[in-house]
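Enquirer: Please find one structure pasted underneath; my questions will follow.
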Amino acid sequence: MISFSGPVTSPGGEERSSGLLDEPGRAAGRFPGRPFAHHRAAIVVWGAIIVVGFGVGAILRGTGHLPVDRFPPLHAEPRLLIGPLLPAVAVGLVAVAVLPVAARRLSWGMVLLTAWLGSALWAVALQLPDGLARPLTAPTEYLAGLPAIGDHPLRWLRGFAAAMQAYPTHVKGHPPLPTLILWALQRAGLRDAGWAAALVITAGSSASAAIAVTVRRLAGADAARRAVPFVVLAPTALWVATSMDAFFLGVAAWAVALVTVAATRPAPDGFEAVGCAFAGGLLFGSLPYLSYGLLPMFALPLAVLVLTRPPRAVLGALAAGCVVVPAAFTFAGFSWFAGVAGTHTAWAAGGGARARPYAYFLVGDLSVLALLIGPATAMALPTVLGHAAALARSRWRGAGRGSVAVERAGVPAWTGRLGWPVAAALVGMIALDLSGVTRGEVERIWIPYAAWTTIAPAVARPPTRTLLLAQVATALVIQALARSPW
């Protein structure tokens with residue numbers, strides 16, 4: 001039976017805390033390992049990036065240089081919403097009070113269930129004022145493109161690249177797999193848009209459990225339990241209900257979790273490790289057919305494999321799984337490269353560079369990223385990334401000095417291992433930003449990546465409720481001031 005229990009091969013998989021995070025007399029929510037000034041500087045940079053992005057965006061919008069986005073760099077409309085958000089305020093406050101205790105005291109299985117249900121509840125509470133199914137019913141969304149499939153999905157797939165310019169915006173802007181999934185849902189008799197919303201919310205919120213599984217395998221139970229409240233209450237929840245990109249988040253997160261489980265299984269469980277690796281490969285192979293912007297997501301399993309160094313059988317099963325979906329789509333008549341070319345043509349025809357200038361969104365997208373991760377994550381990044389770099393240097397030199405340096409600095413040895421998926425996710429987003437592939441709308445496009453950075457505040461010394469309140473407040477302020485189409 002496949003188990004999502006803690007790490008079994010990593011030396012950092014101890015079940016108990018090292019004690020370094022539980023010293024009495026510490027300030028609540030303090031981050032160890034570097035002078036506190038570094039973390040104050042991080043929060044200043046976080047705020048400055050947001051101010052610059054929105055300030056310059058307002059100027060460009062006023063001069064007519066950003067005609068597509070009414071509240072740049074967000075693809076949203078400005079507003080002021082207070083009363084309808086009160087239920088979400090209540091949910092957020094209760095979650096801040098309950099989640100740290102639940103994550104610390106419940107059994108591991110119940111922690112995973114709490115993370116999943118908590119994420120779903122928080123996302124739904126935030127979205128309720130705007131309607132759960134509303135985003136999926138827009139004429140630019142996937143559901144509007146389902147009539148073109150009719151009763152012949154294979155014929156539609158073969159002609160997808162040739163006919164895509166006539167399809168709704170999100171259908172022609174993505175590979176065909178998301179549309180086919182929603183078509184299959186309708187063919188199963190679940191035709192109402194509410195069922196599509198339920199699918200998206202269920203998959204997207206399950207990412208919290210998948211991320212927790214991964215963190216426990218890589219960095220131990222203490223790290224995973226500390227990370228769960230921050231993953232659940234991250235501002236990324238705003239776009240979990242109901243952007244189709246939340247579905248992508250769930251698929252990608254479980255792909256990483258399965259690969260991590262496979263890579264950390266003990267030798268006697270080789271068959272289960274191979275099975276998990278193949279299943280993870282299947283999910284990873286599907287990512288480029290869900291969204292063209294998910295290719296850099298492969299940085300995460302690469303980080304896991306370098307960190308864990310699994311046996312060749314696991315690597316072979318992972319590779320075999322990765323080719324199944326691409327082979328099936330190619331055999332069915334869809335060319336991924338033709339789809340990319342057609343999407344670029346649609347982007348250029350819609351204004352492309354003129355509607356969203358590269359220079360502005362190079363910075364503006366980072367402003368949105370700052371909102372997605374929240375202030376608690378921003379404050380934790382100096383510690384987590386610094387020790388991840390130290391671990392990488394020690395691995396490169398073949399020595400153990402990296403872990404020793406981490407412990408001497410006042411943080412547990414798992415901090416460096418926690419930082420590797422964080423760094424991989426950041427690399428993926430920076431690559432997309434520099435390439436210009438994602439200009440605007442990254443509040444939804446980047447959530448499969450940004451969710452992984454929200455594990456960073458796990459290094460904070462408890463109690464961490466002040467940090468969690470900052471995350472909740474960030475999400476509420478965004479929802480109060482911006483009306484997103486998703």
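The chains in the structure tokens are called A, B, ... from first to last as shown; in each chain the residues are counted from 1, and the ligands are counted from 1 in the order shown.
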For the interface of range 41-128 of chain A with range 203-222 of chain A (cut-off 9 Å, counting only C-alpha atoms), please tabulate each contacting residue of range 41-128 of chain A alongside its nearest pair of atoms and their separation in Å to one decimal, rows sorted by chain and increasing number, as a Markdown table.

Expert:
```
| residue | atom | partner | partner_atom | distance |
| --- | --- | --- | --- | --- |
| A:Arg104 | CA | A:Asp222 | CA | 8.4 |
| A:Trp108 | CA | A:Ala221 | CA | 8.6 |
| A:Val111 | CA | A:Ala209 | CA | 8.2 |
| A:Leu112 | CA | A:Ala209 | CA | 4.9 |
| A:Leu113 | CA | A:Ala209 | CA | 7.1 |
| A:Thr114 | CA | A:Ala209 | CA | 8.4 |
| A:Ala115 | CA | A:Ala209 | CA | 5.6 |
| A:Trp116 | CA | A:Ser206 | CA | 4.9 |
| A:Leu117 | CA | A:Ser205 | CA | 7.3 |
| A:Gly118 | CA | A:Ser205 | CA | 8.1 |
| A:Ser119 | CA | A:Ser205 | CA | 5.1 |
| A:Ala120 | CA | A:Ser205 | CA | 5.1 |
| A:Leu121 | CA | A:Ser205 | CA | 8.8 |
| A:Ala123 | CA | A:Ser205 | CA | 7.9 |
```

Enquirer: Take the residues from that selection and put them in a file with N, CA, C and O atoms, as a PDB file, in the first residue's frame.

Expert:
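Below you can see selection-v9.pdb, which holds the result:
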```pdb
ATOM      1  N   ARG A 104      -0.209  21.030  14.468  1.00  0.00           N
ATOM      2  CA  ARG A 104       0.753  20.522  15.444  1.00  0.00           C
ATOM      3  C   ARG A 104       0.257  19.258  16.153  1.00  0.00           C
ATOM      4  O   ARG A 104       1.051  18.363  16.464  1.00  0.00           O
ATOM      5  N   TRP A 108      -1.089  12.701  11.186  1.00  0.00           N
ATOM      6  CA  TRP A 108      -0.647  13.204   9.892  1.00  0.00           C
ATOM      7  C   TRP A 108      -1.742  13.118   8.839  1.00  0.00           C
ATOM      8  O   TRP A 108      -1.935  14.045   8.043  1.00  0.00           O
ATOM      9  N   VAL A 111      -4.000  15.952   9.332  1.00  0.00           N
ATOM     10  CA  VAL A 111      -3.367  17.211   8.914  1.00  0.00           C
ATOM     11  C   VAL A 111      -3.550  17.417   7.412  1.00  0.00           C
ATOM     12  O   VAL A 111      -3.885  18.521   6.951  1.00  0.00           O
ATOM     13  N   LEU A 112      -3.355  16.356   6.641  1.00  0.00           N
ATOM     14  CA  LEU A 112      -3.533  16.459   5.188  1.00  0.00           C
ATOM     15  C   LEU A 112      -4.985  16.788   4.839  1.00  0.00           C
ATOM     16  O   LEU A 112      -5.248  17.635   3.975  1.00  0.00           O
ATOM     17  N   LEU A 113      -5.923  16.125   5.510  1.00  0.00           N
ATOM     18  CA  LEU A 113      -7.334  16.401   5.255  1.00  0.00           C
ATOM     19  C   LEU A 113      -7.686  17.832   5.654  1.00  0.00           C
ATOM     20  O   LEU A 113      -8.427  18.530   4.939  1.00  0.00           O
ATOM     21  N   THR A 114      -7.150  18.290   6.774  1.00  0.00           N
ATOM     22  CA  THR A 114      -7.401  19.659   7.224  1.00  0.00           C
ATOM     23  C   THR A 114      -6.837  20.670   6.245  1.00  0.00           C
ATOM     24  O   THR A 114      -7.462  21.698   5.954  1.00  0.00           O
ATOM     25  N   ALA A 115      -5.643  20.388   5.731  1.00  0.00           N
ATOM     26  CA  ALA A 115      -5.038  21.289   4.750  1.00  0.00           C
ATOM     27  C   ALA A 115      -5.911  21.390   3.501  1.00  0.00           C
ATOM     28  O   ALA A 115      -6.146  22.494   2.976  1.00  0.00           O
ATOM     29  N   TRP A 116      -6.404  20.265   3.031  1.00  0.00           N
ATOM     30  CA  TRP A 116      -7.249  20.238   1.823  1.00  0.00           C
ATOM     31  C   TRP A 116      -8.562  20.986   2.059  1.00  0.00           C
ATOM     32  O   TRP A 116      -8.915  21.907   1.307  1.00  0.00           O
ATOM     33  N   LEU A 117      -9.269  20.609   3.118  1.00  0.00           N
ATOM     34  CA  LEU A 117     -10.564  21.235   3.391  1.00  0.00           C
ATOM     35  C   LEU A 117     -10.407  22.707   3.772  1.00  0.00           C
ATOM     36  O   LEU A 117     -11.223  23.554   3.381  1.00  0.00           O
ATOM     37  N   GLY A 118      -9.353  23.023   4.532  1.00  0.00           N
ATOM     38  CA  GLY A 118      -9.119  24.410   4.900  1.00  0.00           C
ATOM     39  C   GLY A 118      -8.848  25.287   3.695  1.00  0.00           C
ATOM     40  O   GLY A 118      -9.352  26.419   3.606  1.00  0.00           O
ATOM     41  N   SER A 119      -8.074  24.782   2.758  1.00  0.00           N
ATOM     42  CA  SER A 119      -7.793  25.534   1.535  1.00  0.00           C
ATOM     43  C   SER A 119      -9.057  25.764   0.726  1.00  0.00           C
ATOM     44  O   SER A 119      -9.284  26.854   0.194  1.00  0.00           O
ATOM     45  N   ALA A 120      -9.888  24.727   0.634  1.00  0.00           N
ATOM     46  CA  ALA A 120     -11.144  24.862  -0.113  1.00  0.00           C
ATOM     47  C   ALA A 120     -12.062  25.882   0.550  1.00  0.00           C
ATOM     48  O   ALA A 120     -12.664  26.733  -0.127  1.00  0.00           O
ATOM     49  N   LEU A 121     -12.182  25.817   1.867  1.00  0.00           N
ATOM     50  CA  LEU A 121     -13.055  26.739   2.586  1.00  0.00           C
ATOM     51  C   LEU A 121     -12.579  28.175   2.452  1.00  0.00           C
ATOM     52  O   LEU A 121     -13.391  29.091   2.215  1.00  0.00           O
ATOM     53  N   ALA A 123     -10.683  29.491   0.051  1.00  0.00           N
ATOM     54  CA  ALA A 123     -10.872  29.930  -1.329  1.00  0.00           C
ATOM     55  C   ALA A 123     -12.331  30.258  -1.620  1.00  0.00           C
ATOM     56  O   ALA A 123     -12.640  31.275  -2.256  1.00  0.00           O
TER      57      ALA A 123
END
```

Enquirer: Considering only C-alpha atoms, return as a count of residues only whatever protein or nucleic-acid residues lie within 12 Å of Ala348 in chain A, sequence-local ones (same chain, fewer than 6 positions apart) excluded.

Expert: 8

Enquirer: Name all residues at most 9 Å from Gly92 in chain A (count only C-alpha atoms; drop same-chain ones fewer than 3 positions away) and give them as a list of chain:residue names.

Expert: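 Residues near the query, excluding close chain neighbours: A:Pro87, A:Ala88, A:Val89, A:Ala95, A:Val96, A:Ala97, A:Trp122, A:Ala125, A:Leu233, A:Leu469, A:Val472, A:Ala473, A:Leu476.
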
Enquirer: Which residues, written as a JSON list (two decimals) with C-alpha atoms, in the first residue's frame, have at least one atom at most 10 Å from range 370-375 of chain A, with only C-alpha atoms counted and residues fewer than 4 positions away on the same chain left out?

Expert:
```json
[["chain", "number", "residue", "atom", "x", "y", "z"],
["A", 42, "ALA", "CA", 12.79, 42.01, 2.69],
["A", 43, "ILE", "CA", 9.41, 43.40, 3.71],
["A", 44, "VAL", "CA", 10.43, 46.87, 2.52],
["A", 45, "VAL", "CA", 11.44, 45.44, -0.86],
["A", 46, "TRP", "CA", 8.18, 43.48, -0.98],
["A", 47, "GLY", "CA", 6.14, 46.62, -0.43],
["A", 48, "ALA", "CA", 8.26, 48.72, -2.80],
["A", 49, "ILE", "CA", 7.80, 46.24, -5.64],
["A", 50, "ILE", "CA", 4.03, 46.42, -5.20],
["A", 230, "PHE", "CA", 0.90, 29.20, 5.58],
["A", 231, "VAL", "CA", 0.12, 27.16, 2.47],
["A", 233, "LEU", "CA", -3.92, 30.83, 4.06],
["A", 234, "ALA", "CA", -1.67, 32.12, 1.28],
["A", 235, "PRO", "CA", -3.10, 34.90, -0.92],
["A", 236, "THR", "CA", -2.89, 32.46, -3.85],
["A", 237, "ALA", "CA", -6.27, 31.19, -2.58],
["A", 238, "LEU", "CA", -7.89, 34.15, -4.31],
["A", 239, "TRP", "CA", -7.46, 32.46, -7.68],
["A", 364, "GLY", "CA", 4.70, 44.45, -12.99],
["A", 365, "ASP", "CA", 4.55, 40.65, -12.96],
["A", 366, "LEU", "CA", 6.90, 40.66, -9.96],
["A", 379, "MET", "CA", 10.25, 37.90, 5.07],
["A", 380, "ALA", "CA", 11.21, 34.21, 5.13],
["A", 442, "VAL", "CA", 0.11, 36.05, -13.81],
["A", 443, "GLU", "CA", -2.13, 36.16, -10.75],
["A", 444, "ARG", "CA", -3.67, 33.00, -12.20],
["A", 446, "TRP", "CA", 1.73, 31.65, -11.76],
["A", 447, "ILE", "CA", -0.26, 30.06, -8.93],
["A", 450, "ALA", "CA", 3.78, 30.60, -6.28],
["A", 451, "ALA", "CA", 2.07, 28.07, -4.00],
["A", 452, "TRP", "CA", 5.43, 26.36, -3.46],
["A", 453, "THR", "CA", 7.07, 29.53, -2.16],
["A", 454, "THR", "CA", 4.50, 29.79, 0.63],
["A", 455, "ILE", "CA", 6.18, 26.96, 2.53],
["A", 456, "ALA", "CA", 9.09, 29.30, 3.35],
["A", 457, "PRO", "CA", 7.56, 30.80, 6.55],
["A", 467, "LEU", "CA", 2.47, 36.28, 10.21],
["A", 468, "LEU", "CA", -0.66, 34.31, 9.34],
["A", 470, "ALA", "CA", -0.61, 39.33, 7.59],
["A", 471, "GLN", "CA", -1.25, 36.69, 4.91],
["A", 472, "VAL", "CA", -4.99, 36.73, 5.54],
["A", 473, "ALA", "CA", -5.09, 40.53, 5.51],
["A", 474, "THR", "CA", -3.23, 40.62, 2.19],
["A", 475, "ALA", "CA", -5.78, 38.32, 0.56],
["A", 478, "ILE", "CA", -6.73, 42.37, -2.68]]
```

Enquirer: What is the distance, in Å and to one decimal place, between CA of Met244 in chain A and CA of Trp156 in chain A?

Expert: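 Between CA of Met244 in chain A and CA of Trp156 in chain A the gap works out to 20.6 Å.
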
Enquirer: How would you write, as a ChimeraX atom specification, the set of residues in range 36-187 of chain A that DSSP gives as strand (DSSP E or B)?

Expert: /A:71,74,77-78

Enquirer: Please produce a file of those selected residues containing N, CA and C atoms, as an mmCIF file, in the first residue's frame.

Expert:
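See out-v1.cif below for the written result:
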```cif
data_model
loop_
_atom_site.group_PDB
_atom_site.id
_atom_site.type_symbol
_atom_site.label_atom_id
_atom_site.label_comp_id
_atom_site.auth_asym_id
_atom_site.auth_seq_id
_atom_site.Cartn_x
_atom_site.Cartn_y
_atom_site.Cartn_z
ATOM 1 N N PHE A 71 -6.633 47.661 -14.047
ATOM 2 C CA PHE A 71 -5.989 47.841 -12.746
ATOM 3 C C PHE A 71 -4.601 47.194 -12.795
ATOM 4 N N LEU A 74 -2.521 43.911 -12.270
ATOM 5 C CA LEU A 74 -3.586 42.914 -12.200
ATOM 6 C C LEU A 74 -4.520 43.058 -13.395
ATOM 7 N N GLU A 77 -10.611 44.883 -12.248
ATOM 8 C CA GLU A 77 -11.215 46.206 -12.152
ATOM 9 C C GLU A 77 -11.092 46.710 -10.716
ATOM 10 N N PRO A 78 -10.737 47.972 -10.524
ATOM 11 C CA PRO A 78 -10.687 48.506 -9.159
ATOM 12 C C PRO A 78 -12.088 48.625 -8.572
#
```

Enquirer: Using only C-alpha atoms, find each residue in range 245-304 of chain A having at least one atom no more than 12 Å away from range 312-316 of chain A; report its shortest atom-to-atom pair and that distance in Å (one decimal), rows by chain then rising number, as a Markdown table.

Expert:
```
| residue | atom | partner | partner_atom | distance |
| --- | --- | --- | --- | --- |
| A:Leu258 | CA | A:Val314 | CA | 11.1 |
| A:Val259 | CA | A:Val314 | CA | 8.6 |
| A:Thr260 | CA | A:Val314 | CA | 10.4 |
| A:Val261 | CA | A:Val314 | CA | 10.4 |
| A:Ala262 | CA | A:Val314 | CA | 6.7 |
| A:Ala263 | CA | A:Val314 | CA | 6.8 |
| A:Thr264 | CA | A:Val314 | CA | 10.0 |
| A:Arg265 | CA | A:Val314 | CA | 9.8 |
| A:Pro266 | CA | A:Val314 | CA | 11.6 |
| A:Ala267 | CA | A:Ala313 | CA | 10.8 |
| A:Asp269 | CA | A:Val314 | CA | 11.3 |
| A:Gly270 | CA | A:Ala313 | CA | 8.1 |
| A:Phe271 | CA | A:Ala313 | CA | 9.3 |
| A:Glu272 | CA | A:Val314 | CA | 9.8 |
| A:Ala273 | CA | A:Val314 | CA | 6.5 |
| A:Val274 | CA | A:Val314 | CA | 5.1 |
| A:Gly275 | CA | A:Val314 | CA | 8.5 |
| A:Cys276 | CA | A:Val314 | CA | 8.5 |
| A:Ala277 | CA | A:Val314 | CA | 5.8 |
| A:Phe278 | CA | A:Val314 | CA | 8.0 |
| A:Ala279 | CA | A:Val314 | CA | 11.0 |
| A:Gly280 | CA | A:Val314 | CA | 10.5 |
| A:Gly281 | CA | A:Leu315 | CA | 9.6 |
| A:Pro301 | CA | A:Leu315 | CA | 10.8 |
| A:Leu302 | CA | A:Leu315 | CA | 10.8 |
| A:Val304 | CA | A:Leu315 | CA | 11.6 |
```

Enquirer: I'd like the interatomic distance between CA of Ala423 in chain A and CA of Ser291 in chain A, to a tenth of an Å.

Expert: 21.4 Å

Enquirer: So that I can check the secondary structure, give me every residue of range 84-149 of chain A assigned alpha helix (DSSP H) by backbone DSSP, as a ChimeraX atom specification.

Expert: /A:86-105,108-127

Enquirer: Residues at most 12 Å from Pro326 in chain A, counting only C-alpha atoms, excluding those fewer than 3 positions away in the same chain, as a list in words?

Expert: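 Everything that qualifies: Pro175, Leu177, Gly281, Leu282, Leu283, Phe284, Gly285, Ser286, Leu287, Pro288, Tyr289, Leu290, Ala319, Ala320, Gly321, Cys322, Val323, Phe329, Thr330, Phe331, Ala332, Gly333, Phe334, Ser335, Trp336 and Phe337 of chain A.
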